[in-house]
Amino acid sequence: MASILFWNTNGKAINPWLIDAIAEHNCDIVVLAEYAESIQGLCNELSLAPYHRDFKPAYIADVRIKIASSYEYTHEVRREGDHYAIHSIRAYSKEFLLVAVHLPSKLYDWDGKRREHIAREILMDIQDADQKNVVIVGDFNANPFERVCIGEDYFFAVPSRAIAKKEHKAFCGEKRPMHYNPMWNLFGDNDLPIGTYYHNDDICWHMFDQVLISPAMIDSFDSSSLKILSSVNRGSLVNNSGVPLKDAISDHLPIVFKFREESMQ
């Protein structure tokens with residue numbers, strides 16, 4: 001079973017916290033945004049006791065995204081853009097497309113036009129890769145209900161497995177591919193944390209960090225494994241109000257999830 005962790009580390013030196021999260025959840029693939037430390041150094045630390053996991057870096061030219069994985073996984077870089085990277089990943093006899101994203105911040109893209117443009121680029125690259133097993137993960141700098149996530153012209157990521165399994169939906173006379181967004185299940189009036197990013201605005205909690213799944217991968221997805229981490233063995237990632245410790249650790253909380261490789265199509 002492949003276990004994946006994503007974390008926007010906000011440029012902080014937090015390897016001890018990151019290593020705890022990787023070890024505690026027995027992660028196979030790690031995707032990082034705004035990671036300021038050496039990805040090779042992280043892999044070296046993971047190989048030491050008590051972790052004993054041999055990781056290798058998959059180097060990305062752009063500093064926005066870093067990827068590392070255990071040696072059981074092979075990577076073929078399909079595309080590296082300013083805000084995303086696409087890897088074809090193989091484990092044993094199974095293969096899937098990993099799309100790691102860090103879309104532009106709302107501070108500089110307030111109307112979402114750049115995010116939407118990049119989303120269309122990503123979808124074209126996925127189409128060119130001709131791979132049905134697709135996982136899109138990262139910091140979207142948008143909530144699940146925003147147009148870049150839910151819109152038919154963009155990721156078309158719906159909150160229902162059953163609807164997403166239809167694969168396509170007609171829109172303006174064309175078939176548009178859909179994705180399943182399980183992050184909806186963790187967003188709202190639930191146990192804390194109810195999002196991955198907190199900002200003192202109208203809604204306060206945001207679900208910027210997400211995973212989107214292609215229809216062919218839905219049956220492989222272990223829905224019970226999806227978590228927003230608010231603590232690791234080392235301690236809490238949030239304060240007494242459940243808000244991320246942005247000054248000490250990161251303003252984003254990490255997410256983890258798993259796929260059953262034997263169920264992949």
# chains A, B, ... in the order shown; residues from 1 in each chain; ligands from 1

call {"tool": "residues_around", "arguments": {"residues": "Ala119 of chain A", "least_positions_apart": "4", "cutoff": "9 Å", "atoms": "only C-alpha atoms", "output": "PyMOL selection string"}}
result
chain A and resi 103+114-115+123-124+148-149+153-155

call {"tool": "write_last_selection", "arguments": {"atoms": "N, CA and C atoms", "output": "short mmCIF file (atom, residue, chain, number, x, y, z; two decimals), in the first residue's frame"}}
result
data_model
loop_
_atom_site.label_atom_id
_atom_site.label_comp_id
_atom_site.auth_asym_id
_atom_site.auth_seq_id
_atom_site.Cartn_x
_atom_site.Cartn_y
_atom_site.Cartn_z
N LEU A 103 0.28 26.07 -6.60
CA LEU A 103 -0.28 27.11 -7.44
C LEU A 103 -0.05 28.49 -6.83
N ARG A 114 -4.30 33.22 -12.89
CA ARG A 114 -3.06 32.46 -13.10
C ARG A 114 -3.26 31.00 -12.66
N ARG A 115 -3.93 30.80 -11.56
CA ARG A 115 -4.18 29.43 -11.11
C ARG A 115 -4.99 28.66 -12.15
N LEU A 123 -3.85 19.90 -17.06
CA LEU A 123 -4.80 18.96 -17.65
C LEU A 123 -4.35 18.53 -19.05
N MET A 124 -3.78 19.45 -19.82
CA MET A 124 -3.27 19.09 -21.14
C MET A 124 -2.08 18.15 -21.02
N VAL A 148 -11.23 27.01 -9.74
CA VAL A 148 -10.11 26.24 -10.27
C VAL A 148 -10.20 24.77 -9.86
N CYS A 149 -10.83 24.49 -8.72
CA CYS A 149 -10.97 23.11 -8.24
C CYS A 149 -12.22 22.44 -8.78
N ASP A 153 -14.01 23.58 -16.55
CA ASP A 153 -12.88 23.95 -17.41
C ASP A 153 -11.53 23.66 -16.74
N TYR A 154 -11.56 23.30 -15.47
CA TYR A 154 -10.32 23.16 -14.72
C TYR A 154 -10.22 21.74 -14.15
N PHE A 155 -10.01 21.59 -12.86
CA PHE A 155 -9.80 20.25 -12.32
C PHE A 155 -11.11 19.46 -12.19
#

call {"tool": "residues_around", "arguments": {"residues": "Ile249 of chain A", "least_positions_apart": "6", "cutoff": "7 Å", "atoms": "only C-alpha atoms", "output": "PyMOL selection string"}}
result
chain A and resi 12+14+237

call {"tool": "select_by_dssp", "arguments": {"residues": "segment 125-232 of chain A", "states": "alpha helix (DSSP H)", "output": "PDB file with N, CA and C atoms, in the first residue's frame"}}
result
ATOM      1  N   ASP A 125      -1.211  18.396 -20.044  1.00  0.00           N
ATOM      2  CA  ASP A 125      -0.057  17.512 -19.841  1.00  0.00           C
ATOM      3  C   ASP A 125      -0.500  16.120 -19.400  1.00  0.00           C
ATOM      4  N   ILE A 126      -1.529  16.062 -18.565  1.00  0.00           N
ATOM      5  CA  ILE A 126      -2.061  14.754 -18.154  1.00  0.00           C
ATOM      6  C   ILE A 126      -2.622  14.019 -19.358  1.00  0.00           C
ATOM      7  N   GLN A 127      -3.345  14.739 -20.185  1.00  0.00           N
ATOM      8  CA  GLN A 127      -3.917  14.124 -21.397  1.00  0.00           C
ATOM      9  C   GLN A 127      -2.803  13.598 -22.300  1.00  0.00           C
ATOM     10  N   ASP A 128      -1.729  14.373 -22.437  1.00  0.00           N
ATOM     11  CA  ASP A 128      -0.609  13.960 -23.287  1.00  0.00           C
ATOM     12  C   ASP A 128       0.089  12.718 -22.729  1.00  0.00           C
ATOM     13  N   ALA A 129       0.062  12.569 -21.400  1.00  0.00           N
ATOM     14  CA  ALA A 129       0.730  11.422 -20.777  1.00  0.00           C
ATOM     15  C   ALA A 129      -0.024  10.123 -21.003  1.00  0.00           C
ATOM     16  N   ARG A 147     -13.446  27.963  -8.212  1.00  0.00           N
ATOM     17  CA  ARG A 147     -13.618  27.581  -9.620  1.00  0.00           C
ATOM     18  C   ARG A 147     -12.476  26.716 -10.147  1.00  0.00           C
ATOM     19  N   VAL A 148     -11.229  27.013  -9.741  1.00  0.00           N
ATOM     20  CA  VAL A 148     -10.109  26.239 -10.269  1.00  0.00           C
ATOM     21  C   VAL A 148     -10.196  24.768  -9.859  1.00  0.00           C
ATOM     22  N   CYS A 149     -10.829  24.488  -8.715  1.00  0.00           N
ATOM     23  CA  CYS A 149     -10.968  23.106  -8.244  1.00  0.00           C
ATOM     24  C   CYS A 149     -12.223  22.439  -8.782  1.00  0.00           C
ATOM     25  N   ILE A 150     -13.354  23.122  -8.720  1.00  0.00           N
ATOM     26  CA  ILE A 150     -14.639  22.486  -9.032  1.00  0.00           C
ATOM     27  C   ILE A 150     -15.080  22.732 -10.474  1.00  0.00           C
ATOM     28  N   ARG A 161     -17.723  10.201  -4.905  1.00  0.00           N
ATOM     29  CA  ARG A 161     -17.072   9.103  -5.618  1.00  0.00           C
ATOM     30  C   ARG A 161     -17.924   8.635  -6.804  1.00  0.00           C
ATOM     31  N   ALA A 162     -19.229   8.474  -6.541  1.00  0.00           N
ATOM     32  CA  ALA A 162     -20.120   7.922  -7.553  1.00  0.00           C
ATOM     33  C   ALA A 162     -20.162   8.809  -8.797  1.00  0.00           C
ATOM     34  N   ILE A 163     -20.223  10.122  -8.599  1.00  0.00           N
ATOM     35  CA  ILE A 163     -20.260  11.035  -9.740  1.00  0.00           C
ATOM     36  C   ILE A 163     -18.925  11.027 -10.471  1.00  0.00           C
ATOM     37  N   ALA A 164     -17.827  11.069  -9.715  1.00  0.00           N
ATOM     38  CA  ALA A 164     -16.495  11.089 -10.336  1.00  0.00           C
ATOM     39  C   ALA A 164     -16.238   9.826 -11.142  1.00  0.00           C
TER      40      ALA A 164
END

call {"tool": "residues_around", "arguments": {"residues": "Tyr84 of chain A", "least_positions_apart": "3", "cutoff": "9 Å", "atoms": "only C-alpha atoms", "output": "ChimeraX atom specification"}}
result
/A:62,64-65,79-81,99-103,118,122,138

call {"tool": "select_by_dssp", "arguments": {"residues": "segment 5-152 of chain A", "states": "strand (DSSP E or B)", "output": "PyMOL selection string"}}
result
chain A and resi 5-8+29-33+55-58+65-70+73-80+84-91+94-102+134-139

call {"tool": "closest_residue", "arguments": {"among": "A:Val135, A:Ile89, A:Ala23, A:Val31", "to": "Ile255 of chain A", "atoms": "only C-alpha atoms"}}
result
A:Val31

call {"tool": "decode", "arguments": {"residues": "segment 76-118 of chain A", "atoms": "C-alpha atoms", "output": "short mmCIF file (atom, residue, chain, number, x, y, z; two decimals), in the first residue's frame"}}
result
data_model
loop_
_atom_site.label_atom_id
_atom_site.label_comp_id
_atom_site.auth_asym_id
_atom_site.auth_seq_id
_atom_site.Cartn_x
_atom_site.Cartn_y
_atom_site.Cartn_z
CA GLU A 76 10.27 9.30 -14.74
CA VAL A 77 9.97 13.07 -14.98
CA ARG A 78 7.27 13.97 -17.51
CA ARG A 79 7.13 17.71 -16.93
CA GLU A 80 8.56 20.35 -14.62
CA GLY A 81 6.85 23.72 -14.61
CA ASP A 82 7.15 26.80 -12.44
CA HIS A 83 4.20 25.67 -10.32
CA TYR A 84 3.98 21.93 -10.83
CA ALA A 85 5.88 18.75 -11.59
CA ILE A 86 4.57 15.57 -13.20
CA HIS A 87 6.24 12.22 -12.50
CA SER A 88 5.37 8.80 -13.80
CA ILE A 89 5.87 6.55 -10.78
CA ARG A 90 6.15 2.78 -10.89
CA ALA A 91 6.04 0.39 -7.98
CA TYR A 92 6.34 -3.30 -8.77
CA SER A 93 3.92 -3.84 -11.70
CA LYS A 94 1.76 -0.76 -11.07
CA GLU A 95 2.21 2.74 -12.47
CA PHE A 96 0.55 6.07 -11.81
CA LEU A 97 1.03 9.72 -12.64
CA LEU A 98 1.91 11.95 -9.68
CA VAL A 99 1.14 15.61 -10.28
CA ALA A 100 2.65 17.78 -7.53
CA VAL A 101 1.35 21.36 -7.48
CA HIS A 102 2.02 24.63 -5.74
CA LEU A 103 -0.28 27.11 -7.44
CA PRO A 104 0.18 30.90 -7.16
CA SER A 105 -0.77 32.59 -3.90
CA LYS A 106 -3.93 34.64 -3.56
CA LEU A 107 -1.68 37.53 -2.53
CA TYR A 108 -0.42 37.81 -6.11
CA ASP A 109 -3.27 36.14 -8.00
CA TRP A 110 -6.30 37.57 -6.26
CA ASP A 111 -8.75 36.83 -9.10
CA GLY A 112 -7.43 33.28 -9.68
CA LYS A 113 -6.63 33.77 -13.37
CA ARG A 114 -3.06 32.46 -13.10
CA ARG A 115 -4.18 29.43 -11.11
CA GLU A 116 -6.82 28.67 -13.72
CA HIS A 117 -4.33 29.04 -16.58
CA ILE A 118 -1.89 26.64 -14.89
#
